[in-house]
Each structure stands twice: as structure tokens, then as C-alpha cells.
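*Asks:* Contents of coords_21.cif (mmCIF, N, CA and C atoms and all ligand atoms) are given next:
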```
data_run
#
loop_
_atom_site.label_atom_id
_atom_site.label_comp_id
_atom_site.auth_asym_id
_atom_site.auth_seq_id
_atom_site.Cartn_x
_atom_site.Cartn_y
_atom_site.Cartn_z
N PRO A 1 47.47 -28.51 -18.60
CA PRO A 1 46.10 -29.01 -18.50
C PRO A 1 45.15 -28.21 -19.40
N THR A 2 44.14 -28.86 -19.89
CA THR A 2 43.15 -28.16 -20.71
C THR A 2 41.76 -28.38 -20.11
N ALA A 3 40.83 -27.46 -20.45
CA ALA A 3 39.45 -27.57 -19.97
C ALA A 3 38.53 -27.14 -21.11
N PRO A 4 37.33 -27.70 -21.17
CA PRO A 4 36.43 -27.35 -22.28
C PRO A 4 35.76 -25.99 -22.11
N VAL A 5 35.99 -25.32 -20.96
CA VAL A 5 35.41 -23.99 -20.74
C VAL A 5 36.53 -23.05 -20.31
N PRO A 6 36.34 -21.74 -20.52
CA PRO A 6 37.38 -20.80 -20.05
C PRO A 6 37.42 -20.77 -18.53
N ILE A 7 38.59 -20.68 -17.97
CA ILE A 7 38.75 -20.64 -16.50
C ILE A 7 39.55 -19.39 -16.13
N THR A 8 39.03 -18.64 -15.14
CA THR A 8 39.78 -17.49 -14.62
C THR A 8 40.00 -17.74 -13.13
N VAL A 9 41.22 -17.64 -12.71
CA VAL A 9 41.53 -17.83 -11.29
C VAL A 9 41.75 -16.45 -10.67
N VAL A 10 41.02 -16.17 -9.58
CA VAL A 10 41.21 -14.89 -8.89
C VAL A 10 41.41 -15.15 -7.40
N ASP A 11 42.16 -14.27 -6.77
CA ASP A 11 42.39 -14.34 -5.33
C ASP A 11 41.14 -13.92 -4.58
N GLY A 12 40.93 -14.46 -3.40
CA GLY A 12 39.81 -14.00 -2.59
C GLY A 12 39.69 -14.81 -1.33
N LEU A 13 38.86 -14.32 -0.43
CA LEU A 13 38.55 -15.06 0.80
C LEU A 13 37.08 -15.45 0.75
N ALA A 14 36.77 -16.58 1.36
CA ALA A 14 35.40 -17.08 1.32
C ALA A 14 34.40 -16.08 1.88
N GLU A 15 34.84 -15.29 2.87
CA GLU A 15 33.93 -14.34 3.52
C GLU A 15 33.76 -13.06 2.72
N SER A 16 34.55 -12.90 1.67
CA SER A 16 34.51 -11.65 0.91
C SER A 16 34.90 -11.96 -0.54
N LEU A 17 33.99 -12.57 -1.26
CA LEU A 17 34.33 -13.04 -2.61
C LEU A 17 34.31 -11.87 -3.60
N PRO A 18 35.30 -11.83 -4.49
CA PRO A 18 35.35 -10.75 -5.47
C PRO A 18 34.37 -11.04 -6.62
N ALA A 19 33.08 -10.94 -6.31
CA ALA A 19 32.06 -11.27 -7.31
C ALA A 19 30.80 -10.47 -7.02
N ARG A 20 30.01 -10.27 -8.07
CA ARG A 20 28.77 -9.50 -7.91
C ARG A 20 27.66 -10.38 -7.33
N ASP A 21 26.63 -9.76 -6.80
CA ASP A 21 25.46 -10.50 -6.32
C ASP A 21 24.87 -11.32 -7.46
N GLY A 22 24.59 -12.59 -7.20
CA GLY A 22 23.90 -13.44 -8.17
C GLY A 22 24.68 -13.73 -9.43
N GLU A 23 26.02 -13.56 -9.36
CA GLU A 23 26.83 -13.69 -10.59
C GLU A 23 26.99 -15.14 -11.05
N PHE A 24 26.93 -16.10 -10.12
CA PHE A 24 27.31 -17.47 -10.47
C PHE A 24 26.12 -18.43 -10.53
N ASP A 25 26.22 -19.42 -11.42
CA ASP A 25 25.23 -20.51 -11.48
C ASP A 25 25.52 -21.54 -10.39
N ALA A 26 26.79 -21.69 -10.04
CA ALA A 26 27.15 -22.76 -9.10
C ALA A 26 28.43 -22.41 -8.36
N ALA A 27 28.53 -22.94 -7.17
CA ALA A 27 29.76 -22.80 -6.37
C ALA A 27 30.15 -24.20 -5.90
N VAL A 28 31.46 -24.39 -5.75
CA VAL A 28 31.96 -25.68 -5.27
C VAL A 28 32.82 -25.44 -4.04
N VAL A 29 32.56 -26.18 -2.98
CA VAL A 29 33.46 -26.18 -1.83
C VAL A 29 33.94 -27.60 -1.61
N ALA A 30 35.25 -27.75 -1.49
CA ALA A 30 35.82 -29.08 -1.28
C ALA A 30 36.89 -28.96 -0.20
N LEU A 31 36.60 -29.51 0.96
CA LEU A 31 37.54 -29.52 2.07
C LEU A 31 38.02 -28.10 2.39
N VAL A 32 37.06 -27.21 2.51
CA VAL A 32 37.40 -25.84 2.88
C VAL A 32 36.52 -25.34 4.03
N LEU A 33 35.29 -25.84 4.15
CA LEU A 33 34.42 -25.41 5.24
C LEU A 33 34.88 -25.96 6.59
N CYS A 34 35.80 -26.93 6.56
CA CYS A 34 36.42 -27.41 7.80
C CYS A 34 37.38 -26.36 8.36
N THR A 35 37.82 -25.44 7.51
CA THR A 35 38.93 -24.56 7.88
C THR A 35 38.56 -23.09 7.95
N VAL A 36 37.56 -22.64 7.18
CA VAL A 36 37.24 -21.20 7.21
C VAL A 36 36.96 -20.78 8.66
N PRO A 37 37.36 -19.57 9.03
CA PRO A 37 37.16 -19.15 10.42
C PRO A 37 35.69 -19.13 10.82
N ASP A 38 34.79 -18.80 9.88
CA ASP A 38 33.38 -18.64 10.23
C ASP A 38 32.52 -19.21 9.09
N GLN A 39 31.98 -20.40 9.32
CA GLN A 39 31.20 -21.06 8.26
C GLN A 39 29.99 -20.22 7.85
N ALA A 40 29.32 -19.59 8.83
CA ALA A 40 28.10 -18.83 8.51
C ALA A 40 28.42 -17.68 7.55
N SER A 41 29.52 -16.97 7.81
CA SER A 41 29.89 -15.85 6.93
C SER A 41 30.25 -16.35 5.54
N ALA A 42 31.01 -17.43 5.48
CA ALA A 42 31.42 -17.96 4.18
C ALA A 42 30.20 -18.43 3.37
N LEU A 43 29.28 -19.10 4.02
CA LEU A 43 28.11 -19.63 3.31
C LEU A 43 27.16 -18.51 2.89
N ALA A 44 27.02 -17.48 3.74
CA ALA A 44 26.18 -16.34 3.36
C ALA A 44 26.77 -15.65 2.13
N GLU A 45 28.10 -15.56 2.11
CA GLU A 45 28.77 -14.90 0.98
C GLU A 45 28.63 -15.74 -0.30
N ILE A 46 28.73 -17.04 -0.18
CA ILE A 46 28.51 -17.90 -1.36
C ILE A 46 27.08 -17.70 -1.86
N GLY A 47 26.12 -17.68 -0.94
CA GLY A 47 24.72 -17.47 -1.34
C GLY A 47 24.54 -16.13 -2.05
N ARG A 48 25.22 -15.12 -1.56
CA ARG A 48 25.11 -13.78 -2.18
C ARG A 48 25.53 -13.83 -3.65
N THR A 49 26.56 -14.63 -3.95
CA THR A 49 27.11 -14.62 -5.31
C THR A 49 26.37 -15.57 -6.25
N LEU A 50 25.46 -16.40 -5.70
CA LEU A 50 24.71 -17.34 -6.55
C LEU A 50 23.42 -16.70 -7.06
N ARG A 51 23.06 -17.04 -8.27
CA ARG A 51 21.74 -16.61 -8.77
C ARG A 51 20.67 -17.41 -8.03
N PRO A 52 19.43 -16.89 -7.97
CA PRO A 52 18.36 -17.68 -7.36
C PRO A 52 18.27 -19.05 -8.06
N GLY A 53 18.22 -20.10 -7.27
CA GLY A 53 18.20 -21.45 -7.84
C GLY A 53 19.59 -21.99 -8.14
N GLY A 54 20.62 -21.17 -7.89
CA GLY A 54 22.00 -21.63 -8.12
C GLY A 54 22.37 -22.74 -7.15
N GLU A 55 23.44 -23.46 -7.50
CA GLU A 55 23.80 -24.67 -6.75
C GLU A 55 25.09 -24.52 -5.98
N LEU A 56 25.09 -25.11 -4.80
CA LEU A 56 26.32 -25.30 -4.04
C LEU A 56 26.62 -26.80 -4.06
N ARG A 57 27.78 -27.15 -4.57
CA ARG A 57 28.20 -28.56 -4.56
C ARG A 57 29.30 -28.71 -3.53
N PHE A 58 29.17 -29.71 -2.68
CA PHE A 58 30.09 -29.78 -1.55
C PHE A 58 30.67 -31.18 -1.36
N PHE A 59 31.90 -31.18 -0.91
CA PHE A 59 32.56 -32.39 -0.41
C PHE A 59 33.38 -31.93 0.80
N GLU A 60 32.98 -32.39 1.98
CA GLU A 60 33.62 -31.90 3.21
C GLU A 60 33.73 -33.04 4.22
N HIS A 61 34.75 -32.98 5.06
CA HIS A 61 34.76 -33.89 6.21
C HIS A 61 34.06 -33.18 7.37
N VAL A 62 33.31 -33.94 8.15
CA VAL A 62 32.36 -33.36 9.10
C VAL A 62 32.35 -34.11 10.43
N ALA A 63 31.50 -33.62 11.32
CA ALA A 63 31.32 -34.28 12.62
C ALA A 63 30.76 -35.69 12.46
N ALA A 64 31.24 -36.58 13.30
CA ALA A 64 30.67 -37.94 13.37
C ALA A 64 29.33 -37.88 14.10
N ASP A 65 28.61 -38.99 14.09
CA ASP A 65 27.34 -39.07 14.83
C ASP A 65 27.56 -38.60 16.27
N GLU A 66 26.60 -37.79 16.75
CA GLU A 66 26.79 -37.16 18.06
C GLU A 66 26.98 -38.16 19.20
N ALA A 67 26.35 -39.32 19.07
CA ALA A 67 26.42 -40.29 20.17
C ALA A 67 27.72 -41.11 20.15
N SER A 68 28.53 -40.92 19.12
CA SER A 68 29.68 -41.82 18.96
C SER A 68 30.90 -41.37 19.75
N ARG A 69 31.78 -42.34 20.00
CA ARG A 69 33.04 -42.03 20.66
C ARG A 69 33.89 -41.13 19.74
N LEU A 70 33.78 -41.37 18.45
CA LEU A 70 34.55 -40.55 17.50
C LEU A 70 34.17 -39.07 17.63
N HIS A 71 32.88 -38.80 17.85
CA HIS A 71 32.45 -37.41 18.00
C HIS A 71 33.11 -36.77 19.23
N ARG A 72 33.18 -37.53 20.31
CA ARG A 72 33.84 -36.99 21.52
C ARG A 72 35.32 -36.72 21.24
N THR A 73 35.95 -37.63 20.51
CA THR A 73 37.37 -37.43 20.15
C THR A 73 37.53 -36.18 19.30
N GLN A 74 36.62 -36.01 18.34
CA GLN A 74 36.69 -34.82 17.47
C GLN A 74 36.61 -33.54 18.30
N ARG A 75 35.70 -33.51 19.27
CA ARG A 75 35.52 -32.29 20.08
C ARG A 75 36.78 -31.99 20.88
N LEU A 76 37.37 -33.05 21.42
CA LEU A 76 38.61 -32.87 22.19
C LEU A 76 39.72 -32.35 21.28
N LEU A 77 39.89 -32.96 20.12
CA LEU A 77 40.95 -32.54 19.19
C LEU A 77 40.74 -31.10 18.73
N ASP A 78 39.48 -30.75 18.44
CA ASP A 78 39.20 -29.39 17.94
C ASP A 78 39.49 -28.33 18.99
N ALA A 79 39.35 -28.71 20.25
CA ALA A 79 39.61 -27.75 21.34
C ALA A 79 41.09 -27.68 21.70
N THR A 80 41.88 -28.55 21.10
CA THR A 80 43.29 -28.59 21.51
C THR A 80 44.22 -28.52 20.29
N LEU A 81 44.72 -29.66 19.87
CA LEU A 81 45.82 -29.71 18.92
C LEU A 81 45.47 -29.53 17.44
N TRP A 82 44.32 -30.11 17.05
CA TRP A 82 44.08 -30.29 15.61
C TRP A 82 44.14 -28.98 14.81
N PRO A 83 43.42 -27.93 15.22
CA PRO A 83 43.48 -26.70 14.42
C PRO A 83 44.89 -26.11 14.36
N LYS A 84 45.65 -26.31 15.44
CA LYS A 84 47.03 -25.77 15.44
C LYS A 84 47.91 -26.56 14.48
N LEU A 85 47.69 -27.87 14.43
CA LEU A 85 48.52 -28.72 13.57
C LEU A 85 48.14 -28.58 12.10
N PHE A 86 46.85 -28.33 11.83
CA PHE A 86 46.37 -28.40 10.45
C PHE A 86 45.75 -27.07 9.99
N ALA A 87 46.44 -25.99 10.28
CA ALA A 87 46.13 -24.68 9.69
C ALA A 87 44.68 -24.26 9.87
N GLY A 88 44.12 -24.50 11.07
CA GLY A 88 42.76 -24.03 11.35
C GLY A 88 41.68 -25.04 11.05
N CYS A 89 42.04 -26.22 10.58
CA CYS A 89 41.05 -27.26 10.27
C CYS A 89 40.36 -27.73 11.56
N HIS A 90 39.06 -28.03 11.45
CA HIS A 90 38.29 -28.60 12.55
C HIS A 90 37.68 -29.92 12.07
N THR A 91 37.65 -30.90 12.97
CA THR A 91 37.13 -32.21 12.56
C THR A 91 35.65 -32.36 12.87
N GLY A 92 35.14 -31.56 13.83
CA GLY A 92 33.81 -31.87 14.37
C GLY A 92 32.73 -30.87 13.97
N ARG A 93 32.87 -30.22 12.83
CA ARG A 93 31.85 -29.24 12.44
C ARG A 93 30.64 -29.93 11.82
N ASP A 94 29.46 -29.42 12.19
CA ASP A 94 28.21 -29.93 11.58
C ASP A 94 27.92 -29.08 10.35
N THR A 95 28.62 -29.40 9.28
CA THR A 95 28.60 -28.56 8.08
C THR A 95 27.25 -28.61 7.37
N ILE A 96 26.55 -29.73 7.46
CA ILE A 96 25.22 -29.79 6.82
C ILE A 96 24.26 -28.84 7.54
N ALA A 97 24.33 -28.79 8.86
CA ALA A 97 23.49 -27.83 9.60
C ALA A 97 23.86 -26.41 9.20
N ALA A 98 25.15 -26.14 9.04
CA ALA A 98 25.58 -24.78 8.66
C ALA A 98 25.05 -24.41 7.27
N ILE A 99 25.06 -25.39 6.36
CA ILE A 99 24.58 -25.12 4.99
C ILE A 99 23.07 -24.81 5.03
N THR A 100 22.32 -25.59 5.78
CA THR A 100 20.87 -25.33 5.84
C THR A 100 20.58 -24.06 6.64
N ASP A 101 21.33 -23.83 7.71
CA ASP A 101 21.12 -22.59 8.49
C ASP A 101 21.38 -21.35 7.64
N ALA A 102 22.27 -21.48 6.66
CA ALA A 102 22.58 -20.33 5.79
C ALA A 102 21.46 -20.06 4.80
N GLY A 103 20.52 -20.99 4.68
CA GLY A 103 19.38 -20.77 3.79
C GLY A 103 19.35 -21.67 2.57
N PHE A 104 20.38 -22.52 2.42
CA PHE A 104 20.39 -23.46 1.29
C PHE A 104 19.41 -24.60 1.54
N VAL A 105 18.96 -25.21 0.45
CA VAL A 105 18.09 -26.38 0.54
C VAL A 105 18.89 -27.58 0.03
N ILE A 106 19.06 -28.58 0.90
CA ILE A 106 19.83 -29.77 0.50
C ILE A 106 19.02 -30.56 -0.52
N GLU A 107 19.63 -30.86 -1.66
CA GLU A 107 18.96 -31.63 -2.71
C GLU A 107 19.48 -33.06 -2.78
N GLU A 108 20.76 -33.22 -2.53
CA GLU A 108 21.38 -34.56 -2.54
C GLU A 108 22.41 -34.59 -1.44
N LEU A 109 22.46 -35.72 -0.74
CA LEU A 109 23.42 -35.83 0.37
C LEU A 109 23.84 -37.29 0.52
N ARG A 110 25.14 -37.51 0.49
CA ARG A 110 25.68 -38.84 0.73
C ARG A 110 26.67 -38.72 1.88
N ARG A 111 26.51 -39.61 2.86
CA ARG A 111 27.45 -39.64 3.98
C ARG A 111 28.27 -40.92 3.88
N PHE A 112 29.55 -40.82 4.14
CA PHE A 112 30.44 -41.99 4.04
C PHE A 112 31.72 -41.68 4.80
N HIS A 113 32.50 -42.71 5.02
CA HIS A 113 33.82 -42.49 5.61
C HIS A 113 34.87 -42.59 4.51
N PHE A 114 35.81 -41.68 4.55
CA PHE A 114 36.92 -41.74 3.60
C PHE A 114 38.23 -41.60 4.36
N PRO A 115 39.14 -42.54 4.17
CA PRO A 115 39.04 -43.75 3.37
C PRO A 115 37.97 -44.69 3.93
N ALA A 116 37.39 -45.50 3.06
CA ALA A 116 36.35 -46.44 3.48
C ALA A 116 36.86 -47.29 4.62
N GLY A 117 36.03 -47.41 5.66
CA GLY A 117 36.39 -48.25 6.80
C GLY A 117 37.23 -47.52 7.83
N SER A 118 37.71 -46.32 7.51
CA SER A 118 38.54 -45.59 8.46
C SER A 118 37.68 -45.00 9.57
N ASN A 119 38.25 -44.88 10.76
CA ASN A 119 37.56 -44.20 11.85
C ASN A 119 38.43 -43.04 12.35
N SER A 120 39.23 -42.49 11.44
CA SER A 120 40.08 -41.37 11.83
C SER A 120 39.21 -40.13 12.04
N PRO A 121 39.69 -39.13 12.78
CA PRO A 121 38.86 -37.96 13.09
C PRO A 121 38.36 -37.21 11.87
N SER A 122 39.07 -37.27 10.78
CA SER A 122 38.63 -36.54 9.58
C SER A 122 38.00 -37.46 8.54
N SER A 123 37.62 -38.67 8.95
CA SER A 123 37.09 -39.61 7.95
C SER A 123 35.58 -39.47 7.66
N PRO A 124 34.73 -38.98 8.61
CA PRO A 124 33.32 -38.86 8.24
C PRO A 124 33.14 -37.74 7.21
N CYS A 125 32.56 -38.07 6.08
CA CYS A 125 32.47 -37.10 4.98
C CYS A 125 31.04 -36.94 4.49
N VAL A 126 30.79 -35.79 3.87
CA VAL A 126 29.52 -35.58 3.16
C VAL A 126 29.84 -35.10 1.75
N HIS A 127 28.97 -35.52 0.84
CA HIS A 127 29.11 -35.13 -0.56
C HIS A 127 27.72 -34.85 -1.06
N GLY A 128 27.51 -33.73 -1.74
CA GLY A 128 26.15 -33.49 -2.22
C GLY A 128 25.97 -32.16 -2.89
N ARG A 129 24.71 -31.76 -2.92
CA ARG A 129 24.29 -30.61 -3.72
C ARG A 129 23.18 -29.89 -2.96
N ALA A 130 23.27 -28.56 -2.92
CA ALA A 130 22.22 -27.77 -2.28
C ALA A 130 21.88 -26.61 -3.20
N THR A 131 20.67 -26.09 -3.10
CA THR A 131 20.30 -24.96 -3.95
C THR A 131 20.04 -23.72 -3.11
N TRP A 132 20.35 -22.58 -3.72
CA TRP A 132 20.06 -21.28 -3.12
C TRP A 132 18.66 -20.90 -3.58
N PRO A 133 17.73 -20.72 -2.65
CA PRO A 133 16.34 -20.56 -3.07
C PRO A 133 16.10 -19.28 -3.86
N ALA A 134 15.01 -19.27 -4.62
CA ALA A 134 14.67 -18.10 -5.43
C ALA A 134 14.45 -16.89 -4.52
N ALA A 135 13.85 -17.13 -3.36
CA ALA A 135 13.64 -16.03 -2.41
C ALA A 135 14.23 -16.45 -1.07
N PRO A 136 15.55 -16.17 -0.86
CA PRO A 136 16.16 -16.58 0.40
C PRO A 136 15.37 -16.05 1.59
N ARG A 137 15.27 -16.89 2.64
CA ARG A 137 14.46 -16.48 3.78
C ARG A 137 15.10 -15.27 4.48
N GLN A 138 14.26 -14.47 5.08
CA GLN A 138 14.75 -13.27 5.79
C GLN A 138 15.40 -13.68 7.10
N ARG A 139 16.52 -13.06 7.42
CA ARG A 139 17.16 -13.30 8.72
C ARG A 139 17.17 -12.04 9.55
C1 LIG A 201 42.26 -28.61 4.26
S1 LIG A 201 42.83 -27.38 3.16
C2 LIG A 201 42.15 -28.01 1.65
C3 LIG A 201 42.75 -27.47 0.42
C4 LIG A 201 42.07 -27.95 -0.87
N1 LIG A 201 40.67 -27.55 -0.89
C5 LIG A 201 42.19 -29.43 -1.05
O1 LIG A 201 41.18 -30.13 -1.01
O2 LIG A 201 43.31 -29.91 -1.24
C6 LIG A 201 41.79 -26.01 3.61
C7 LIG A 201 41.89 -24.83 2.69
O3 LIG A 201 41.02 -23.80 3.15
C8 LIG A 201 41.59 -22.57 2.77
N2 LIG A 201 41.01 -21.49 3.56
C9 LIG A 201 41.11 -21.27 4.88
N3 LIG A 201 40.45 -20.17 5.26
C10 LIG A 201 39.91 -19.66 4.13
C11 LIG A 201 39.09 -18.51 3.85
N4 LIG A 201 38.73 -17.69 4.82
N5 LIG A 201 38.71 -18.30 2.58
C12 LIG A 201 39.09 -19.14 1.59
N6 LIG A 201 39.84 -20.26 1.78
C13 LIG A 201 40.25 -20.50 3.04
C14 LIG A 201 43.07 -22.77 3.05
O4 LIG A 201 43.85 -21.89 2.29
C15 LIG A 201 43.28 -24.21 2.61
O5 LIG A 201 43.70 -24.25 1.26
#
```
Could you express the structure from this file as C-alpha cells?

*Replies:*
Amino acid sequence: PTAPVPITVVDGLAESLPARDGEFDAAVVALVLCTVPDQASALAEIGRTLRPGGELRFFEHVAADEASRLHRTQRLLDATLWPKLFAGCHTGRDTIAAITDAGFVIEELRRFHFPAGSNSPSSPCVHGRATWPAAPRQR
């Protein structure tokens, strides 16, 4: 495979990225915030490595609408079999709330089911873009 930019692959964990503060213009998470042990730690660490105004681009499967039967199914699965079967994956995480709670500002957000028309526990998805503010709020 070829790419128009240089690529370096390094080992690391989301909660402890091998990168300096503000080193990156952008970060991408794709189907990983469902599985990290602690979303808040992972997102704080991503924010640490982004420059002010840097972007987080995300594609994740997330919790269904709270009032739905699917949401109740997700909660049951997450408390029982699903994480054991799928290496720590959770179906019912409110990942958009976690992204905003971490201090990011959502700029673009699309919600959809994948595959289209599916009502499987991992089908509700979000895709979008958030920015790390110039002056992250104090916690
Ligand atoms: C559902 S898989 C998705 C893999 C890949 N992103 C994809 O879309 O095919 C979840 C991934 O999260 C990774 N993961 C779990 N905990 C992690 C952590 N603390 N830091 C970084 N990655 C982690 C796992 O290694 C696994 O590859």
C-alpha cells in the first residue's frame, strides 16, 4: 500500500499515548471508544496530544435512544455476555456525551444505523468531527 504522506506506526494505549502535549493536528477514533476500559481517560489523553483547535474525527457504535427497547437490550448485554464475547466491547455507551464531557466541541454529527435498517445491538452509529478548544475548560 502507498500513501501520499509519511506514516509512522507506534505502539501505545489510548490512556497513555506516546506523544507530546499538543503534538497532533488531528486524531481519529474508529470503533475503539466502545472498547477502551475508560472513555474519559482515553479522551482526555487524546485532547492532551492535540494542538488547540485540533480535531477529533470519530466513527463509533453507540447507545440507542434511551426510550427504545434496543437501549434496554444493550444495557442487559453490556452487563452480561457482550463484553466477554467481544474483547471488552460495550454496545450502550453514550460516546457523544463522553466526547463533550471531555471538553471537545462537536462540530459535525451524523447518526445512523449500520448496516442500514439493522436493529442489532451494535448498529446505532455516530460519525463526525469535534474540536479541542483553544483554552480547554478547567476541571
Ligand atoms: C472493536 S475493535 C475495533 C478494531 C478496529 N478499530 C476496527 O475498526 O477494525 C476494538 C479495538 O480497540 C482496541 N483497544 C481496546 N482497548 C484499548 C486501549 N486501552 N487503547 C487502545 N486501543 C484499545 C482493541 O485492541 C481493538 O483493536

*Asks:* As an NGL selection string, list the residues of chain A assigned to alpha helix (DSSP H) by DSSP on the backbone atoms of this structure.

*Replies:* :A and (39-49 or 69-79 or 82-85 or 95-101)

*Asks:* What does the file look like for those residues with N, CA and C atoms, as an mmCIF file, in the frame of the given file?

*Replies:*
```cif
data_model
loop_
_atom_site.group_PDB
_atom_site.id
_atom_site.type_symbol
_atom_site.label_atom_id
_atom_site.label_comp_id
_atom_site.auth_asym_id
_atom_site.auth_seq_id
_atom_site.Cartn_x
_atom_site.Cartn_y
_atom_site.Cartn_z
ATOM 1 N N GLN A 39 31.980 -20.400 9.320
ATOM 2 C CA GLN A 39 31.200 -21.060 8.260
ATOM 3 C C GLN A 39 29.990 -20.220 7.850
ATOM 4 N N ALA A 40 29.320 -19.590 8.830
ATOM 5 C CA ALA A 40 28.100 -18.830 8.510
ATOM 6 C C ALA A 40 28.420 -17.680 7.550
ATOM 7 N N SER A 41 29.520 -16.970 7.810
ATOM 8 C CA SER A 41 29.890 -15.850 6.930
ATOM 9 C C SER A 41 30.250 -16.350 5.540
ATOM 10 N N ALA A 42 31.010 -17.430 5.480
ATOM 11 C CA ALA A 42 31.420 -17.960 4.180
ATOM 12 C C ALA A 42 30.200 -18.430 3.370
ATOM 13 N N LEU A 43 29.280 -19.100 4.020
ATOM 14 C CA LEU A 43 28.110 -19.630 3.310
ATOM 15 C C LEU A 43 27.160 -18.510 2.890
ATOM 16 N N ALA A 44 27.020 -17.480 3.740
ATOM 17 C CA ALA A 44 26.180 -16.340 3.360
ATOM 18 C C ALA A 44 26.770 -15.650 2.130
ATOM 19 N N GLU A 45 28.100 -15.560 2.110
ATOM 20 C CA GLU A 45 28.770 -14.900 0.980
ATOM 21 C C GLU A 45 28.630 -15.740 -0.300
ATOM 22 N N ILE A 46 28.730 -17.040 -0.180
ATOM 23 C CA ILE A 46 28.510 -17.900 -1.360
ATOM 24 C C ILE A 46 27.080 -17.700 -1.860
ATOM 25 N N GLY A 47 26.120 -17.680 -0.940
ATOM 26 C CA GLY A 47 24.720 -17.470 -1.340
ATOM 27 C C GLY A 47 24.540 -16.130 -2.050
ATOM 28 N N ARG A 48 25.220 -15.120 -1.560
ATOM 29 C CA ARG A 48 25.110 -13.780 -2.180
ATOM 30 C C ARG A 48 25.530 -13.830 -3.650
ATOM 31 N N THR A 49 26.560 -14.630 -3.950
ATOM 32 C CA THR A 49 27.110 -14.620 -5.310
ATOM 33 C C THR A 49 26.370 -15.570 -6.250
ATOM 34 N N ARG A 69 31.780 -42.340 20.000
ATOM 35 C CA ARG A 69 33.040 -42.030 20.660
ATOM 36 C C ARG A 69 33.890 -41.130 19.740
ATOM 37 N N LEU A 70 33.780 -41.370 18.450
ATOM 38 C CA LEU A 70 34.550 -40.550 17.500
ATOM 39 C C LEU A 70 34.170 -39.070 17.630
ATOM 40 N N HIS A 71 32.880 -38.800 17.850
ATOM 41 C CA HIS A 71 32.450 -37.410 18.000
ATOM 42 C C HIS A 71 33.110 -36.770 19.230
ATOM 43 N N ARG A 72 33.180 -37.530 20.310
ATOM 44 C CA ARG A 72 33.840 -36.990 21.520
ATOM 45 C C ARG A 72 35.320 -36.720 21.240
ATOM 46 N N THR A 73 35.950 -37.630 20.510
ATOM 47 C CA THR A 73 37.370 -37.430 20.150
ATOM 48 C C THR A 73 37.530 -36.180 19.300
ATOM 49 N N GLN A 74 36.620 -36.010 18.340
ATOM 50 C CA GLN A 74 36.690 -34.820 17.470
ATOM 51 C C GLN A 74 36.610 -33.540 18.300
ATOM 52 N N ARG A 75 35.700 -33.510 19.270
ATOM 53 C CA ARG A 75 35.520 -32.290 20.080
ATOM 54 C C ARG A 75 36.780 -31.990 20.880
ATOM 55 N N LEU A 76 37.370 -33.050 21.420
ATOM 56 C CA LEU A 76 38.610 -32.870 22.190
ATOM 57 C C LEU A 76 39.720 -32.350 21.280
ATOM 58 N N LEU A 77 39.890 -32.960 20.120
ATOM 59 C CA LEU A 77 40.950 -32.540 19.190
ATOM 60 C C LEU A 77 40.740 -31.100 18.730
ATOM 61 N N ASP A 78 39.480 -30.750 18.440
ATOM 62 C CA ASP A 78 39.200 -29.390 17.940
ATOM 63 C C ASP A 78 39.490 -28.330 18.990
ATOM 64 N N ALA A 79 39.350 -28.710 20.250
ATOM 65 C CA ALA A 79 39.610 -27.750 21.340
ATOM 66 C C ALA A 79 41.090 -27.680 21.700
ATOM 67 N N TRP A 82 44.320 -30.110 17.050
ATOM 68 C CA TRP A 82 44.080 -30.290 15.610
ATOM 69 C C TRP A 82 44.140 -28.980 14.810
ATOM 70 N N PRO A 83 43.420 -27.930 15.220
ATOM 71 C CA PRO A 83 43.480 -26.700 14.420
ATOM 72 C C PRO A 83 44.890 -26.110 14.360
ATOM 73 N N LYS A 84 45.650 -26.310 15.440
ATOM 74 C CA LYS A 84 47.030 -25.770 15.440
ATOM 75 C C LYS A 84 47.910 -26.560 14.480
ATOM 76 N N LEU A 85 47.690 -27.870 14.430
ATOM 77 C CA LEU A 85 48.520 -28.720 13.570
ATOM 78 C C LEU A 85 48.140 -28.580 12.100
ATOM 79 N N THR A 95 28.620 -29.400 9.280
ATOM 80 C CA THR A 95 28.600 -28.560 8.080
ATOM 81 C C THR A 95 27.250 -28.610 7.370
ATOM 82 N N ILE A 96 26.550 -29.730 7.460
ATOM 83 C CA ILE A 96 25.220 -29.790 6.820
ATOM 84 C C ILE A 96 24.260 -28.840 7.540
ATOM 85 N N ALA A 97 24.330 -28.790 8.860
ATOM 86 C CA ALA A 97 23.490 -27.830 9.600
ATOM 87 C C ALA A 97 23.860 -26.410 9.200
ATOM 88 N N ALA A 98 25.150 -26.140 9.040
ATOM 89 C CA ALA A 98 25.580 -24.780 8.660
ATOM 90 C C ALA A 98 25.050 -24.410 7.270
ATOM 91 N N ILE A 99 25.060 -25.390 6.360
ATOM 92 C CA ILE A 99 24.580 -25.120 4.990
ATOM 93 C C ILE A 99 23.070 -24.810 5.030
ATOM 94 N N THR A 100 22.320 -25.590 5.780
ATOM 95 C CA THR A 100 20.870 -25.330 5.840
ATOM 96 C C THR A 100 20.580 -24.060 6.640
ATOM 97 N N ASP A 101 21.330 -23.830 7.710
ATOM 98 C CA ASP A 101 21.120 -22.590 8.490
ATOM 99 C C ASP A 101 21.380 -21.350 7.640
#
```

*Asks:* Taking all atoms of ligand LIG 201 (chain A) that appear in the file, build a box with edges along x, y and z, extend it by 4 Å on every side, and state its centre and edge lengths in Å to one decimal, as JSON.

*Replies:*
```
{"center_x": 41.3, "center_y": -23.9, "center_z": 2.0, "size_x": 13.1, "size_y": 20.4, "size_z": 14.5}
```

*Asks:* Which residue, A:Ala134, A:Asp101, A:Ser68, A:His90, has the smallest gap to Thr35 of chain A when you use all atoms listed in the file?

*Replies:* A:His90

*Asks:* Taking only C-alpha atoms and all ligand atoms into account, list the residues no farther than 10 Å from ligand LIG 201 (chain A), as a VMD selection string.

*Replies:* chain A and resid 11 to 17 28 to 39 41 to 42 59 to 61 86 to 90

*Asks:* Mind pulling up the distance from atom C of Val10 of chain A to atom N of Ala97 of chain A?

*Replies:*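 That distance, rounded to one decimal, is 27.2 Å.
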
*Asks:* I want to know what sits within 12 Å of Glu107 of chain A, based on only C-alpha atoms, with residues of the same chain fewer than 6 positions away left out; could you give that as a count of residues only?

*Replies:* 16

*Asks:* Could you state the separation of atom CA of Ala40 of chain A and atom CA of Ser118 of chain A in Å, given to one decimal place?

*Replies:* 28.7 Å

*Asks:* Work out how far apart atom C of Thr91 of chain A and atom C of Cys125 of chain A are and give it in Å to one decimal.

*Replies:*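 Interatomic distance here is 10.6 Å.
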
*Asks:* Would you please give, as a PyMOL selection string, all residues of segment 15-86 of chain A that DSSP assigns to strand (DSSP E or B) based on the backbone?

*Replies:* chain A and resi 16+24-30+50-61

*Asks:* Need the shell around Arg20 of chain A: protein/DNA/RNA residues with any atom at most 8 Å away, counting all atoms listed in the file. Skip same-chain ones fewer than 3 positions apart. Format as a PyMOL selection string?

*Replies:* chain A and resi 17+23-24+48-50

*Asks:* With only N, CA and C atoms as the atoms that count, which of A:Phe104, A:Ala63, A:Pro4, A:Trp82 lies nearest to Ser123 of chain A?

*Replies:*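 Of A:Phe104, A:Ala63, A:Pro4, A:Trp82, the one nearest Ser123 of chain A is A:Ala63, counting only N, CA and C atoms.
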